[in-house]
file data-v4.cif (mmCIF, C-alpha atoms)
data_start
loop_
_atom_site.label_atom_id
_atom_site.label_comp_id
_atom_site.auth_asym_id
_atom_site.auth_seq_id
_atom_site.Cartn_x
_atom_site.Cartn_y
_atom_site.Cartn_z
CA MET A 23 5.10 108.73 132.11
CA ARG A 24 3.01 106.21 133.97
CA ALA A 25 1.10 103.36 132.35
CA TYR A 26 -2.61 103.52 132.76
CA GLY A 27 -4.63 100.96 134.66
CA ASN A 28 -7.81 99.30 133.65
CA GLY A 29 -9.90 102.46 133.97
CA ILE A 30 -11.02 102.15 130.36
CA SER A 31 -13.53 99.36 129.94
CA GLY A 32 -12.65 96.78 127.33
CA VAL A 33 -9.16 98.10 126.65
CA SER A 34 -6.09 96.33 127.97
CA SER A 35 -3.46 98.28 129.85
CA GLY A 36 -0.03 99.28 128.54
CA VAL A 37 2.09 97.19 126.15
CA SER A 38 5.79 96.59 126.66
CA SER A 39 6.55 96.74 122.94
CA VAL A 40 5.62 100.39 122.81
CA SER A 41 8.44 102.66 123.90
CA LYS A 42 7.75 105.63 126.13
CA TRP A 43 8.87 108.90 124.60
CA PRO A 44 10.53 111.66 126.64
CA THR A 45 7.82 113.88 128.04
CA GLN A 46 7.49 117.19 129.81
CA ARG A 47 6.01 116.62 133.26
CA ARG A 48 3.79 119.08 135.07
CA THR A 49 5.46 120.71 138.06
CA THR A 50 2.46 122.62 139.39
CA VAL A 51 -0.48 121.32 141.38
CA ARG A 52 -3.24 120.27 138.97
CA ARG A 53 -6.54 122.02 139.30
CA ARG A 54 -9.39 121.14 137.03
CA THR A 55 -10.32 124.40 135.46
CA HIS A 56 -11.79 125.69 132.28
CA LYS A 57 -9.56 128.72 132.31
CA LEU A 58 -7.37 127.84 129.35
CA THR A 59 -4.25 129.18 127.80
CA PRO A 60 -5.52 130.83 124.63
CA ARG A 61 -4.33 129.62 121.30
CA ALA A 62 -5.26 132.74 119.43
CA TRP A 63 -4.77 132.65 115.70
CA ASP A 64 -4.28 136.42 115.81
CA ASP A 65 -0.97 135.76 117.56
CA GLU A 66 0.30 133.88 114.55
CA ILE A 67 1.55 135.21 111.27
CA ASN A 68 -1.43 135.98 109.07
CA CYS A 69 -0.47 135.11 105.53
CA THR A 70 -2.41 136.51 102.61
CA LEU A 71 -1.84 135.87 98.95
CA THR A 72 -2.76 138.39 96.26
CA SER A 73 -4.69 137.36 93.21
CA ASN A 74 -1.47 136.48 91.38
CA GLN A 75 -0.27 134.59 94.52
CA THR A 76 2.88 136.63 94.95
CA ALA A 77 2.05 138.99 97.77
CA GLY A 78 3.98 139.08 101.05
CA ILE A 79 3.06 138.20 104.58
CA ALA A 80 1.31 140.64 106.86
CA VAL A 81 2.39 140.27 110.47
CA GLY A 82 -0.24 140.69 113.21
CA ARG A 83 -0.15 143.16 116.04
CA ARG A 84 1.62 140.89 118.44
CA HIS A 85 5.11 139.56 117.85
CA CYS A 86 5.29 135.96 116.70
CA SER A 87 6.88 133.70 119.29
CA LEU A 88 9.15 130.90 118.15
CA SER A 89 9.73 129.68 121.69
CA VAL A 90 7.23 126.83 121.43
CA ALA A 91 8.60 123.75 123.19
CA LEU A 92 9.15 121.11 120.51
CA LEU A 93 9.02 117.43 121.30
CA ALA A 94 12.42 115.84 121.76
CA LEU A 95 11.61 113.00 119.42
CA THR A 96 8.91 114.29 117.13
CA GLN A 97 10.17 117.87 116.72
CA ILE A 98 6.65 118.89 115.83
CA SER A 99 3.98 120.96 117.52
CA THR A 100 0.28 120.30 117.30
CA SER A 101 -0.55 123.82 118.41
CA GLY A 102 -2.38 124.74 115.22
CA VAL A 103 -0.59 127.15 112.95
CA ALA A 104 3.07 127.41 113.93
CA CYS A 105 4.81 130.74 113.43
CA ALA A 106 6.97 131.02 110.31
CA GLU A 107 6.59 127.27 109.70
CA SER A 108 2.91 126.96 108.79
CA GLN A 109 0.89 129.53 106.90
CA VAL A 110 -2.83 129.66 106.23
CA LEU A 111 -3.84 129.84 102.60
CA ASP A 112 -6.36 132.67 102.72
CA THR A 113 -7.20 132.47 99.02
CA LYS A 114 -9.33 129.32 99.02
CA MET A 115 -11.66 127.48 101.32
CA VAL A 116 -11.79 123.75 100.62
CA GLY A 117 -15.42 124.05 99.55
CA SER A 118 -14.28 125.99 96.50
CA TYR A 119 -12.12 123.25 95.03
CA LEU A 120 -12.69 119.86 96.70
CA PRO A 121 -15.50 117.50 95.62
CA LYS A 122 -18.53 117.12 97.86
CA SER A 123 -18.40 114.27 100.32
CA LYS A 124 -20.33 111.19 99.33
CA THR A 125 -21.05 110.31 102.95
CA GLU A 126 -21.48 113.57 104.91
CA ASP A 127 -23.77 116.42 103.82
CA GLY A 128 -22.11 119.83 103.87
CA PHE A 129 -18.59 118.36 103.88
CA TYR A 130 -15.95 118.13 101.17
CA GLU A 131 -13.67 115.20 100.53
CA PHE A 132 -9.89 115.57 100.65
CA THR A 133 -7.94 112.64 99.23
CA ALA A 134 -4.16 112.64 99.42
CA SER A 135 -2.91 111.73 95.94
CA LYS A 136 0.17 109.57 95.44
CA SER A 137 2.21 112.71 94.70
CA ARG A 138 0.79 114.83 97.52
CA THR A 139 3.49 114.47 100.20
CA PRO A 140 7.11 113.23 100.42
CA ALA A 141 6.03 109.97 102.08
CA LEU A 142 3.37 109.29 99.45
CA ARG A 143 5.74 110.15 96.60
CA ALA A 144 8.28 107.73 98.07
CA GLY A 145 5.66 104.98 98.16
CA ALA A 146 6.17 104.61 101.92
CA LEU A 147 2.53 105.22 102.83
CA GLU A 148 -0.96 104.35 101.66
CA GLN A 149 -3.27 107.10 100.51
CA TYR A 150 -5.71 108.56 103.00
CA GLN A 151 -8.83 110.71 102.95
CA VAL A 152 -10.87 112.91 105.27
CA ASN A 153 -14.05 114.99 105.02
CA LEU A 154 -13.73 118.71 105.79
CA PRO A 155 -16.23 121.56 106.27
CA ALA A 156 -16.48 123.94 103.33
CA GLU A 157 -14.95 126.91 105.17
CA TRP A 158 -11.76 125.16 106.30
CA LYS A 159 -8.44 126.10 104.68
CA GLU A 160 -5.21 124.27 104.12
CA VAL A 161 -2.24 125.07 106.35
CA LEU A 162 1.15 124.91 104.69
CA VAL A 163 3.64 122.48 106.22
CA SER A 164 7.35 123.33 106.11
CA ASN A 165 9.89 121.06 104.46
CA ALA A 166 11.41 120.31 107.85
CA LYS A 167 8.10 119.07 109.26
CA SER A 168 7.00 117.24 106.12
CA GLY A 169 10.13 115.08 105.87
CA ASN A 170 10.95 116.44 102.44
CA TYR A 171 14.66 116.12 103.18
CA CYS A 172 14.63 112.56 104.51
CA GLN A 173 11.78 110.51 103.04
CA PRO A 174 11.57 107.58 102.66
CA ARG A 175 14.19 107.12 105.36
CA CYS A 176 12.89 109.52 108.01
CA ASP A 177 13.27 108.07 111.48
CA GLU A 178 11.24 110.80 113.20
CA ALA A 179 7.58 111.80 113.15
CA THR A 180 6.58 114.04 110.25
CA THR A 181 3.48 116.06 109.40
CA GLU A 182 1.69 115.07 106.22
CA VAL A 183 -1.01 117.73 105.81
CA SER A 184 -2.85 120.25 107.95
CA PHE A 185 -6.18 122.06 107.67
CA GLY A 186 -7.87 124.49 109.99
CA ASN A 187 -10.46 127.13 110.75
CA SER A 188 -9.93 129.93 113.25
CA GLU A 189 -13.36 129.40 114.81
CA GLN A 190 -13.47 125.60 114.85
CA GLY A 191 -10.03 124.02 115.25
CA THR A 192 -7.06 122.44 113.50
CA LEU A 193 -6.47 119.03 111.90
CA GLN A 194 -3.06 117.48 111.34
CA VAL A 195 -2.14 114.14 109.80
CA ILE A 196 1.08 112.90 111.40
CA ILE A 197 3.05 109.74 110.64
CA ILE A 198 5.44 108.01 113.03
CA PRO A 199 7.80 105.18 111.95
CA THR A 200 6.88 102.01 113.81
CA THR A 201 10.61 101.42 114.33
CA LYS A 202 10.55 104.53 116.55
CA LEU A 203 8.16 102.56 118.77
CA LEU A 204 10.63 99.64 118.79
CA ILE A 205 8.52 97.50 116.44
CA ALA A 206 10.84 95.41 114.27
CA LYS A 207 8.10 93.58 112.34
CA LYS A 208 7.53 94.78 108.78
CA ASN A 209 4.06 96.09 107.95
CA PRO A 210 2.72 95.59 111.50
CA SER A 211 -0.95 95.73 112.36
CA LEU A 212 -2.20 98.18 114.97
CA LYS A 213 -2.48 95.31 117.47
CA ASP A 214 1.16 94.42 116.74
CA VAL A 215 2.16 97.95 117.75
CA GLY A 216 0.22 97.94 121.01
CA SER A 217 -3.04 98.34 122.89
CA ALA A 218 -5.12 101.51 122.80
CA THR A 219 -3.72 102.74 126.10
CA GLY A 220 -0.18 101.62 125.33
CA ILE A 221 -0.12 103.55 122.07
CA LEU A 222 -1.70 106.59 123.71
CA ASN A 223 1.09 106.56 126.30
CA ALA A 224 3.65 106.65 123.51
CA ILE A 225 2.12 109.28 121.24
CA SER A 226 0.36 111.62 123.68
CA PRO A 227 3.03 114.39 123.54
CA ALA A 228 2.55 114.49 119.76
CA ILE A 229 -1.19 114.94 120.29
CA THR A 230 -0.95 117.71 122.88
CA GLY A 231 2.17 119.42 121.55
CA SER A 232 3.59 119.59 125.06
CA VAL A 233 2.50 117.46 128.03
CA ALA A 234 1.92 113.76 128.47
CA ILE A 235 -1.64 112.54 128.86
CA GLU A 236 -2.71 111.53 132.36
CA GLU A 237 -5.53 109.15 133.16
CA GLU A 238 -7.95 111.90 134.15
CA ASP A 239 -7.44 113.57 130.74
CA ILE A 240 -9.03 110.62 128.92
CA VAL A 241 -12.68 111.20 128.08
CA ASP A 242 -13.23 108.24 125.77
CA VAL A 243 -11.34 105.48 123.93
CA LYS A 244 -12.82 103.38 121.14
CA GLU A 245 -11.68 100.64 118.78
CA VAL A 246 -13.34 100.73 115.37
CA GLU A 247 -12.85 98.90 112.09
CA LYS A 248 -13.09 100.45 108.63
CA GLN A 249 -12.67 98.32 105.50
CA GLY A 250 -10.84 95.66 107.48
CA LYS A 251 -8.40 98.11 109.15
CA VAL A 252 -8.43 98.66 112.92
CA TYR A 253 -8.37 102.19 114.34
CA TYR A 254 -8.11 103.50 117.89
CA GLU A 255 -10.06 106.70 118.56
CA TYR A 256 -9.41 109.02 121.50
CA GLU A 257 -11.24 111.97 122.99
CA LEU A 258 -9.11 113.94 125.46
CA PHE A 259 -9.64 116.94 127.72
CA THR A 260 -6.22 118.53 128.22
CA PRO A 261 -6.41 121.99 129.85
CA TYR A 262 -2.62 122.29 130.02
CA ALA A 263 -1.86 121.19 126.46
CA GLN A 264 -0.19 123.52 124.00
CA SER A 265 -2.47 122.30 121.23
CA GLY A 266 -5.73 123.19 122.98
CA ALA A 267 -8.06 122.00 125.71
CA HIS A 268 -9.84 119.46 123.52
CA ASN A 269 -8.17 116.84 121.35
CA LEU A 270 -9.63 114.17 119.10
CA THR A 271 -7.27 111.59 117.60
CA THR A 272 -7.58 108.47 115.50
CA VAL A 273 -4.64 106.16 114.76
CA CYS A 274 -4.00 103.18 112.51
CA THR A 275 -1.05 101.59 110.75
CA SER A 276 0.01 101.88 107.11
CA MET A 277 2.99 99.90 105.89
CA ASN A 278 5.70 100.72 108.44
CA TYR A 279 4.07 103.82 109.91
CA LEU A 280 1.64 104.70 112.64
CA VAL A 281 -0.75 107.21 111.04
CA MET A 282 -2.63 109.63 113.27
CA ALA A 283 -5.20 112.26 112.42
CA THR A 284 -5.39 114.63 115.37
CA ILE A 285 -7.80 117.53 115.84
CA SER A 286 -7.20 120.22 118.44
CA ALA A 287 -9.56 122.94 119.65
CA THR A 288 -9.72 125.61 122.32
CA GLU A 289 -12.70 125.75 124.64
CA LYS A 290 -14.36 128.35 122.42
CA GLU A 291 -13.74 126.34 119.25
CA TRP A 292 -15.04 123.18 120.90
CA THR A 293 -18.22 124.95 121.98
CA ASN A 294 -18.72 126.19 118.42
CA ALA A 295 -17.95 122.98 116.56
CA GLU A 296 -17.84 119.83 118.72
CA LYS A 297 -20.22 117.91 116.45
CA THR A 298 -18.35 119.04 113.32
CA LEU A 299 -14.95 118.06 114.72
CA LYS A 300 -16.19 114.59 115.65
CA ALA A 301 -17.59 114.15 112.14
CA ILE A 302 -14.19 115.04 110.67
CA LEU A 303 -12.48 112.46 112.88
CA ARG A 304 -14.95 109.69 111.98
CA SER A 305 -14.39 110.30 108.28
CA PHE A 306 -10.62 109.77 108.33
CA SER A 307 -9.47 106.56 106.66
CA VAL A 308 -6.28 105.09 105.26
CA GLY A 309 -5.98 102.72 102.31
CA GLY A 310 -8.63 101.75 99.83
CA SER A 311 -9.11 102.72 96.20
CA TYR A 312 -9.00 106.51 96.03
CA ASP A 313 -7.74 107.06 92.50
#

call {"tool": "encode", "arguments": {"input": "data-v4.cif", "output": "structure tokens"}}
result
Amino acid sequence: MRAYGNGISGVSSGVSSVSKWPTQRRTTVRRRTHKLTPRAWDDEINCTLTSNQTAGIAVGRRHCSLSVALLALTQISTSGVACAESQVLDTKMVGSYLPKSKTEDGFYEFTASKSRTPALRAGALEQYQVNLPAEWKEVLVSNAKSGNYCQPRCDEATTEVSFGNSEQGTLQVIIIPTTKLLIAKKNPSLKDVGSATGILNAISPAITGSVAIEEEDIVDVKEVEKQGKVYYEYELFTPYAQSGAHNLTTVCTSMNYLVMATISATEKEWTNAEKTLKAILRSFSVGGSYD
């Protein structure tokens, strides 16, 4: 994986303290094209719950493929709803049970409680929140991906929560131990971990679910501050990514973790919901008084 130059104004190039993860390199000649590999939700297992929440799973017309290439280090895929590992809760849209957002009309506020995930229950992570459109649904995360068997001592990336909509895209909140990025300092700041481009080099396979980001894939990089905490925000166009052609990601640190909220969308989903997806990304924050 090559380090990026100074093509992004105002952002320094790579940082030596950030390790480069094993990546899958492209072996074909790149051609900029909008003909994308579809990430059809119909190809996944469609899970429906009966009114008493005990019904089985109805499998779609096509066979579910478990041959998704997992990252060597993260062992996660950001390809939306993974077969047999993530299941869409069809019973409730978030607008039916979450409170209305105080900052974004038409959105609903999800706040991760202290008992919501293994990392939060272990006290290894600050709480976080994000605004979601009313029609989005939660995606179940398996024990293996959530770190239920290893928190608070997980040394790999784990998936906190996931939400999605078949016509707009998928959101995942992923945490990565800063020790995995060779950061020995306790409770490091984002600047301690690395520059915007250095961190992107390290985490890009987790964003795309497959390939490393190349310089021409980067649409925009920003540094923002929310309540005294620094965030890097990325917009990427990745036609060859498993997760989808369009990816939005924001990252910050919390205790001894790099926390990333990443949104993936196909070309069709992006056309339908670009403005909505960017609003979701802007709303993500970590820390603060949420109780």

call {"tool": "atom_distance", "arguments": {"input": "data-v4.cif", "atom1": "atom CA of Val281 of chain A", "atom2": "atom CA of Ser217 of chain A"}}
result
15.0 Å

call {"tool": "atom_distance", "arguments": {"input": "data-v4.cif", "atom1": "atom CA of Glu126 of chain A", "atom2": "atom CA of Asp239 of chain A"}}
result
29.4 Å

call {"tool": "resolve_selection", "arguments": {"input": "data-v4.cif", "expression": "the PyMOL selection byres ((chain A and resi 254) around 10)", "output": "PyMOL selection string"}}
result
chain A and resi 212-213+217-219+221-222+243-247+252-253+255-256+271-274+282

call {"tool": "resolve_selection", "arguments": {"input": "data-v4.cif", "expression": "the PyMOL selection byres ((chain A and resi 305) around 12)", "output": "MDAnalysis selection string"}}
result
chainID A and resid 123:126 129:133 150:155 246 248 253 255 271:272 283 298:304 306:308

call {"tool": "atom_distance", "arguments": {"input": "data-v4.cif", "atom1": "atom CA of Leu203 of chain A", "atom2": "atom CA of Ala234 of chain A"}}
result
16.1 Å

call {"tool": "resolve_selection", "arguments": {"input": "data-v4.cif", "expression": "the PyMOL selection byres ((chain A and resi 240) around 7)", "output": "ChimeraX atom specification"}}
result
/A:237-239,241-242,257-259

call {"tool": "residues_around", "arguments": {"input": "data-v4.cif", "residues": "Ser135 of chain A", "least_positions_apart": "2", "cutoff": "9 Å", "atoms": "all atoms listed in the file", "output": "ChimeraX atom specification"}}
result
/A:133,137-139,142-143,149-150,312-313

call {"tool": "closest_residue", "arguments": {"input": "data-v4.cif", "among": "A:Glu182, A:Ile225, A:Lys167, A:Lys122", "to": "Leu147 of chain A", "atoms": "all atoms listed in the file"}}
result
A:Glu182

call {"tool": "closest_residue", "arguments": {"input": "data-v4.cif", "among": "A:Ser211, A:Asn165, A:Asn170, A:Thr201", "to": "Thr275 of chain A", "atoms": "only C-alpha atoms"}}
result
A:Ser211

call {"tool": "closest_residue", "arguments": {"input": "data-v4.cif", "among": "A:Gly191, A:Pro121, A:Gly216, A:Gly145", "to": "Glu296 of chain A", "atoms": "only C-alpha atoms"}}
result
A:Gly191

call {"tool": "closest_residue", "arguments": {"input": "data-v4.cif", "among": "A:Lys297, A:Lys208, A:Lys290, A:Lys159", "to": "Asn278 of chain A", "atoms": "only C-alpha atoms"}}
result
A:Lys208

call {"tool": "decode", "arguments": {"input": "data-v4.cif", "residues": "segment 197-216 of chain A", "atoms": "N, CA, C and O atoms", "output": "PDB file, in the first residue's frame"}}
result
ATOM      1  N   ILE A 197     -14.751  -0.310  15.817  1.00  0.00           N
ATOM      2  CA  ILE A 197     -13.688   0.156  16.706  1.00  0.00           C
ATOM      3  C   ILE A 197     -12.431  -0.676  16.464  1.00  0.00           C
ATOM      4  O   ILE A 197     -12.503  -1.877  16.225  1.00  0.00           O
ATOM      5  N   ILE A 198     -11.289  -0.009  16.503  1.00  0.00           N
ATOM      6  CA  ILE A 198     -10.003  -0.641  16.254  1.00  0.00           C
ATOM      7  C   ILE A 198      -9.070  -0.280  17.407  1.00  0.00           C
ATOM      8  O   ILE A 198      -8.855   0.916  17.673  1.00  0.00           O
ATOM      9  N   PRO A 199      -8.496  -1.245  18.117  1.00  0.00           N
ATOM     10  CA  PRO A 199      -7.554  -0.914  19.199  1.00  0.00           C
ATOM     11  C   PRO A 199      -6.380  -0.097  18.651  1.00  0.00           C
ATOM     12  O   PRO A 199      -5.816  -0.432  17.610  1.00  0.00           O
ATOM     13  N   THR A 200      -6.020   0.966  19.348  1.00  0.00           N
ATOM     14  CA  THR A 200      -4.900   1.776  18.879  1.00  0.00           C
ATOM     15  C   THR A 200      -3.587   1.001  18.955  1.00  0.00           C
ATOM     16  O   THR A 200      -2.643   1.311  18.228  1.00  0.00           O
ATOM     17  N   THR A 201      -3.530  -0.023  19.805  1.00  0.00           N
ATOM     18  CA  THR A 201      -2.328  -0.860  19.846  1.00  0.00           C
ATOM     19  C   THR A 201      -2.147  -1.616  18.534  1.00  0.00           C
ATOM     20  O   THR A 201      -1.014  -1.959  18.165  1.00  0.00           O
ATOM     21  N   LYS A 202      -3.237  -1.895  17.839  1.00  0.00           N
ATOM     22  CA  LYS A 202      -3.152  -2.555  16.533  1.00  0.00           C
ATOM     23  C   LYS A 202      -2.454  -1.649  15.514  1.00  0.00           C
ATOM     24  O   LYS A 202      -1.862  -2.124  14.538  1.00  0.00           O
ATOM     25  N   LEU A 203      -2.522  -0.346  15.750  1.00  0.00           N
ATOM     26  CA  LEU A 203      -1.847   0.623  14.893  1.00  0.00           C
ATOM     27  C   LEU A 203      -0.484   1.010  15.461  1.00  0.00           C
ATOM     28  O   LEU A 203       0.094   2.025  15.073  1.00  0.00           O
ATOM     29  N   LEU A 204       0.014   0.190  16.396  1.00  0.00           N
ATOM     30  CA  LEU A 204       1.341   0.371  16.993  1.00  0.00           C
ATOM     31  C   LEU A 204       1.450   1.664  17.795  1.00  0.00           C
ATOM     32  O   LEU A 204       2.521   2.289  17.848  1.00  0.00           O
ATOM     33  N   ILE A 205       0.356   2.053  18.439  1.00  0.00           N
ATOM     34  CA  ILE A 205       0.357   3.229  19.307  1.00  0.00           C
ATOM     35  C   ILE A 205       0.409   2.740  20.754  1.00  0.00           C
ATOM     36  O   ILE A 205      -0.538   2.122  21.249  1.00  0.00           O
ATOM     37  N   ALA A 206       1.521   2.998  21.429  1.00  0.00           N
ATOM     38  CA  ALA A 206       1.694   2.513  22.798  1.00  0.00           C
ATOM     39  C   ALA A 206       1.093   3.458  23.830  1.00  0.00           C
ATOM     40  O   ALA A 206       0.769   3.045  24.946  1.00  0.00           O
ATOM     41  N   LYS A 207       0.926   4.722  23.484  1.00  0.00           N
ATOM     42  CA  LYS A 207       0.420   5.718  24.421  1.00  0.00           C
ATOM     43  C   LYS A 207      -1.003   5.385  24.848  1.00  0.00           C
ATOM     44  O   LYS A 207      -1.836   4.996  24.040  1.00  0.00           O
ATOM     45  N   LYS A 208      -1.293   5.546  26.125  1.00  0.00           N
ATOM     46  CA  LYS A 208      -2.639   5.324  26.641  1.00  0.00           C
ATOM     47  C   LYS A 208      -3.517   6.537  26.327  1.00  0.00           C
ATOM     48  O   LYS A 208      -3.077   7.675  26.421  1.00  0.00           O
ATOM     49  N   ASN A 209      -4.755   6.262  25.972  1.00  0.00           N
ATOM     50  CA  ASN A 209      -5.729   7.306  25.662  1.00  0.00           C
ATOM     51  C   ASN A 209      -5.170   8.337  24.671  1.00  0.00           C
ATOM     52  O   ASN A 209      -5.179   9.549  24.927  1.00  0.00           O
ATOM     53  N   PRO A 210      -4.700   7.895  23.517  1.00  0.00           N
ATOM     54  CA  PRO A 210      -4.104   8.826  22.553  1.00  0.00           C
ATOM     55  C   PRO A 210      -5.160   9.707  21.892  1.00  0.00           C
ATOM     56  O   PRO A 210      -6.318   9.327  21.751  1.00  0.00           O
ATOM     57  N   SER A 211      -4.726  10.878  21.477  1.00  0.00           N
ATOM     58  CA  SER A 211      -5.587  11.734  20.660  1.00  0.00           C
ATOM     59  C   SER A 211      -5.520  11.248  19.221  1.00  0.00           C
ATOM     60  O   SER A 211      -4.679  10.419  18.858  1.00  0.00           O
ATOM     61  N   LEU A 212      -6.393  11.788  18.369  1.00  0.00           N
ATOM     62  CA  LEU A 212      -6.369  11.403  16.965  1.00  0.00           C
ATOM     63  C   LEU A 212      -5.044  11.811  16.321  1.00  0.00           C
ATOM     64  O   LEU A 212      -4.487  11.075  15.499  1.00  0.00           O
ATOM     65  N   LYS A 213      -4.513  12.973  16.706  1.00  0.00           N
ATOM     66  CA  LYS A 213      -3.239  13.427  16.163  1.00  0.00           C
ATOM     67  C   LYS A 213      -2.094  12.530  16.623  1.00  0.00           C
ATOM     68  O   LYS A 213      -1.106  12.358  15.899  1.00  0.00           O
ATOM     69  N   ASP A 214      -2.215  11.945  17.825  1.00  0.00           N
ATOM     70  CA  ASP A 214      -1.204  10.994  18.286  1.00  0.00           C
ATOM     71  C   ASP A 214      -1.182   9.747  17.399  1.00  0.00           C
ATOM     72  O   ASP A 214      -0.126   9.157  17.168  1.00  0.00           O
ATOM     73  N   VAL A 215      -2.357   9.343  16.916  1.00  0.00           N
ATOM     74  CA  VAL A 215      -2.447   8.141  16.088  1.00  0.00           C
ATOM     75  C   VAL A 215      -1.876   8.406  14.702  1.00  0.00           C
ATOM     76  O   VAL A 215      -1.159   7.570  14.139  1.00  0.00           O
ATOM     77  N   GLY A 216      -2.153   9.560  14.125  1.00  0.00           N
ATOM     78  CA  GLY A 216      -1.609   9.846  12.805  1.00  0.00           C
ATOM     79  C   GLY A 216      -2.328  10.975  12.097  1.00  0.00           C
ATOM     80  O   GLY A 216      -3.309  11.533  12.604  1.00  0.00           O
TER      81      GLY A 216
END
